[in-house]
Amino acid sequence: MQTAAAGLEPTWRREENPPTGPRCRFQRTFLRAVSIVFVLFPAFRFQVSYATATDFPDPTQTPIPVQKTAHTGKDDGTMAATINRRMDPVLVRGEWLGGIVGSPLRSLRLYRSRKGQLEPIRFQVDERTSEGDWIFPHGKKNNGDKSNGLLDARDVLLFMAKDAGERAHPDPAIPGTSSVLEIGIEDPVNAGRAWVYLAVFTARPPPLCPLPDYVRYNYETEEIFTDVSYTKFIITKKGLHTSFSDVEAILPSAGGDGRNHLDRMKTRIQIRFFFNLIPLTVTEEMLGQDVIAYITGPIRVIRRLEQFFKLPFGLHGLTSYTDLHLYERITIVPAEIHIPKGASKVVSSARTWYGADLSPNAIGSYFRNSENLEPLIIDGRMSEMERHFCPQADKWRVIYGPGGGATLFRSIFPPEYSDIVEVQERYVDDVTVKTPPERYPGTIGLLETEVVTKKMKSGRYHILMEVYFPPHYRPGDEADCLNVRDRPLRIRINGETHANQLTRAG
Ligand SMILES: [Ca+2]
Ligand SMILES: [Ca+2]
Ligand SMILES: [Ca+2]
């Protein structure tokens, strides 16, 4: 398994003692292929009772003095910020930042202009190695020693689009800086615009933005806090930090009810290999996971998981890696499936299904997806409409409560994927249907995605799983989520325009 997004994503992956021989070919090929479905787990952040400090007081933002410089040819007066993208993080590649490349990271500050005053906003720089992998400062297998403390062309700057402000006029000159770079963002949907200013200080820079991080991760307890959701991942008795959710909450501030709505993510795999002779059934409980490294920051957290299968035939120990990118309102799990040549000789057929089985707390919520737009009532009983559910593979699906606390899921598959597998969906909202292992017997609001392998075609396939948390969701609001990827913000720096690409699929 490999994180996707060529150019921006890790190339760092390794297998401990690469295996050889036919059995190991099985390990390298199909097990890695099926592990993708397990990766979906971490992406789920649901609803649970939890009281958190969600309403942080507005901090005292100390405006910094700005010296006016000569007229730059911009129109007189400031240009108002008209961006209304609430979900979107903005990812700026170091290589777009021109003369700022090479600056010490500690010398950087990011500002927005509001009512003619500059104020610091939250930002983060994630460094990468010369091989293109992320640099993880934390965790038991961190590579923090690779950091050079400088902004390199390969590093990325992150901030939230909603924090951008008006256009400063004239260009701000901040005392103690060697340069101030304007970064503009533009919404292709409605031509909304806004700006931020990246400053490089020559002396000791002023304090960072005092607001709390958008995503707050506690490795010791495996809790993730944002202003819209709360997640707690399971730590096993053996001390493994997994991506299986223990607690999942959409908080009342986002229209959630503060209760746990998830039983568990289920993944059930039936594999037949060696000419259909050997059948094998796998459940999610056979996957071992552990967080080995992580990045924290005001805008996002990246958790790197080492995964291994606990399988018969001595297959225990196959190791793969996957990263979870956690933003305030989006979780992205990029992955790569690599099917080497010859896989079809080992694996005859495979059928996988996966989906989120909800907890009894979810009763009273609604379900809809791109193929079934009429809301279905989650009540543990199959209605007539649910029996006639359109099984077409969907583009997105959303579960939302009466208050609008919502979780929207989408998967992005490469076009070649349809040559390899057939995807169908089945909706099961029936408490009498029990598919153990599970916490609460019975099936509630489960959209079962069934993937049947047509042929094992060798190649590398990039897949993205995304989970969005649109606050106070109403049917139709899914566009705000889909636009993040489908109609990305444009980033303007030094006269150049770039697409805001968080990760790349396909
Ligand atoms: Ca660097
Ligand atoms: Ca129902
Ligand atoms: Ca259940």
# chains A, B, ... in the order shown; residues from 1 in each chain; ligands from 1

$ residues_around --residues "A:Asn361" --least-positions-apart "6" --cutoff "12 Å" --atoms "only C-alpha atoms" --output "ChimeraX atom specification"
/A:46-49,248-249,256-263,378-380,401,440,444-445

$ closest_atom_pairs --of "chain A" --to "ligand 3" --cutoff "12 Å" --atoms "only C-alpha atoms and all ligand atoms" --output "CSV"
residue,atom,partner,partner_atom_place_in_ligand_line,distance
A:His261,CA,ligand 3,1 (Ca),10.8
A:Leu262,CA,ligand 3,1 (Ca),8.6
A:Asp263,CA,ligand 3,1 (Ca),5.5
A:Arg264,CA,ligand 3,1 (Ca),7.3
A:Met265,CA,ligand 3,1 (Ca),9.6
A:Lys266,CA,ligand 3,1 (Ca),9.4
A:Gly355,CA,ligand 3,1 (Ca),11.2
A:Ala356,CA,ligand 3,1 (Ca),9.2
A:Asp357,CA,ligand 3,1 (Ca),5.6
A:Leu358,CA,ligand 3,1 (Ca),6.4
A:Ser359,CA,ligand 3,1 (Ca),6.4
A:Pro360,CA,ligand 3,1 (Ca),8.3
A:Asn361,CA,ligand 3,1 (Ca),11.3
A:Ala362,CA,ligand 3,1 (Ca),11.2
A:Gly380,CA,ligand 3,1 (Ca),10.1
A:Val428,CA,ligand 3,1 (Ca),10.9
A:Asp429,CA,ligand 3,1 (Ca),10.1
A:Asp430,CA,ligand 3,1 (Ca),9.5
A:Val431,CA,ligand 3,1 (Ca),7.6
A:Thr432,CA,ligand 3,1 (Ca),9.7
A:Val433,CA,ligand 3,1 (Ca),8.5
A:Lys434,CA,ligand 3,1 (Ca),6.7
A:Thr435,CA,ligand 3,1 (Ca),7.2
A:Pro436,CA,ligand 3,1 (Ca),7.7
A:Pro437,CA,ligand 3,1 (Ca),8.5
A:Glu438,CA,ligand 3,1 (Ca),5.3
A:Arg439,CA,ligand 3,1 (Ca),6.0
A:Tyr440,CA,ligand 3,1 (Ca),4.2
A:Pro441,CA,ligand 3,1 (Ca),4.5
A:Gly442,CA,ligand 3,1 (Ca),4.3
A:Thr443,CA,ligand 3,1 (Ca),4.6
A:Ile444,CA,ligand 3,1 (Ca),6.4
A:Gly445,CA,ligand 3,1 (Ca),9.5
A:Leu446,CA,ligand 3,1 (Ca),9.0

$ closest_residue --among "A:Gly99, A:Gly239, A:Pro104, A:Pro212" --to "ligand 1" --atoms "only C-alpha atoms and all ligand atoms"
A:Pro104

$ closest_residue --among "A:Glu448, A:Asp155, A:Glu95, A:Asp145" --to "ligand 1" --atoms "only C-alpha atoms and all ligand atoms"
A:Asp155

$ atom_distance --atom1 "atom CA of A:Ser418" --atom2 "atom CA of A:Ile332"
22.0 Å

$ closest_residue --among "A:Leu150, A:Val228, A:Met382, A:Leu108" --to "ligand 2" --atoms "only C-alpha atoms and all ligand atoms"
A:Met382

$ decode --residues "stretch 175-261 of chain A" --atoms "C-alpha atoms" --output "CSV table (one decimal), in the first residue's frame"
chain,number,residue,atom,x,y,z
A,175,PRO,CA,9.0,46.1,9.9
A,176,GLY,CA,11.7,43.5,10.4
A,177,THR,CA,11.0,41.5,7.3
A,178,SER,CA,13.1,40.8,4.2
A,179,SER,CA,10.1,40.1,2.1
A,180,VAL,CA,6.3,39.8,2.1
A,181,LEU,CA,4.7,37.7,-0.6
A,182,GLU,CA,1.0,38.0,-1.6
A,183,ILE,CA,-0.8,34.7,-2.1
A,184,GLY,CA,-4.3,35.1,-3.7
A,185,ILE,CA,-7.0,32.4,-3.9
A,186,GLU,CA,-9.9,32.4,-6.2
A,187,ASP,CA,-13.1,30.2,-6.3
A,188,PRO,CA,-13.8,29.0,-9.8
A,189,VAL,CA,-17.5,28.5,-8.8
A,190,ASN,CA,-18.4,32.1,-8.0
A,191,ALA,CA,-15.2,34.0,-8.7
A,192,GLY,CA,-14.9,34.7,-4.9
A,193,ARG,CA,-11.4,36.0,-4.0
A,194,ALA,CA,-9.2,36.5,-0.9
A,195,TRP,CA,-5.6,36.9,0.0
A,196,VAL,CA,-2.9,36.1,2.5
A,197,TYR,CA,0.6,37.5,3.1
A,198,LEU,CA,3.6,35.3,3.8
A,199,ALA,CA,6.3,37.3,5.6
A,200,VAL,CA,9.9,36.4,6.2
A,201,PHE,CA,11.4,38.1,9.3
A,202,THR,CA,15.1,38.8,9.5
A,203,ALA,CA,15.1,39.3,13.3
A,204,ARG,CA,13.0,37.5,15.9
A,205,PRO,CA,9.5,37.2,14.5
A,206,PRO,CA,6.3,38.3,16.4
A,207,PRO,CA,4.2,35.6,18.1
A,208,LEU,CA,2.3,33.0,16.1
A,209,CYS,CA,-1.5,33.2,15.7
A,210,PRO,CA,-2.8,32.4,19.2
A,211,LEU,CA,-5.9,30.5,18.1
A,212,PRO,CA,-5.9,26.7,18.8
A,213,ASP,CA,-4.9,24.2,16.1
A,214,TYR,CA,-7.8,23.3,13.8
A,215,VAL,CA,-6.9,19.6,14.4
A,216,ARG,CA,-5.7,18.6,17.8
A,217,TYR,CA,-4.2,15.1,18.1
A,218,ASN,CA,-3.2,13.4,21.3
A,219,TYR,CA,-1.1,10.3,20.5
A,220,GLU,CA,-1.1,9.0,24.0
A,221,THR,CA,-4.9,8.7,24.1
A,222,GLU,CA,-5.5,8.5,20.3
A,223,GLU,CA,-8.0,11.3,20.4
A,224,ILE,CA,-8.6,13.8,17.7
A,225,PHE,CA,-10.4,17.0,18.4
A,226,THR,CA,-11.7,19.6,16.0
A,227,ASP,CA,-14.5,22.2,16.3
A,228,VAL,CA,-16.9,19.9,14.4
A,229,SER,CA,-15.9,16.3,15.4
A,230,TYR,CA,-14.3,14.1,18.0
A,231,THR,CA,-12.6,10.8,17.3
A,232,LYS,CA,-11.0,8.2,19.6
A,233,PHE,CA,-9.2,5.3,18.0
A,234,ILE,CA,-8.8,2.0,19.7
A,235,ILE,CA,-5.5,1.2,21.5
A,236,THR,CA,-5.2,-2.6,21.8
A,237,LYS,CA,-4.3,-4.5,25.0
A,238,LYS,CA,-0.9,-5.0,23.4
A,239,GLY,CA,-0.5,-1.2,23.0
A,240,LEU,CA,-1.0,-1.0,19.3
A,241,HIS,CA,-2.4,2.4,18.1
A,242,THR,CA,-5.0,1.5,15.5
A,243,SER,CA,-7.3,3.4,13.1
A,244,PHE,CA,-10.4,1.5,14.3
A,245,SER,CA,-12.7,4.0,15.8
A,246,ASP,CA,-13.7,3.6,19.4
A,247,VAL,CA,-15.6,6.8,19.7
A,248,GLU,CA,-16.8,9.0,16.8
A,249,ALA,CA,-18.7,12.2,17.3
A,250,ILE,CA,-20.2,15.1,15.3
A,251,LEU,CA,-20.3,17.8,17.9
A,252,PRO,CA,-23.4,19.9,18.7
A,253,SER,CA,-21.7,23.0,17.3
A,254,ALA,CA,-21.8,21.4,13.9
A,255,GLY,CA,-25.4,20.1,14.3
A,256,GLY,CA,-24.5,16.7,15.7
A,257,ASP,CA,-26.1,15.2,18.7
A,258,GLY,CA,-22.9,14.3,20.6
A,259,ARG,CA,-23.5,10.6,20.7
A,260,ASN,CA,-21.8,7.6,19.1
A,261,HIS,CA,-23.4,6.6,15.9
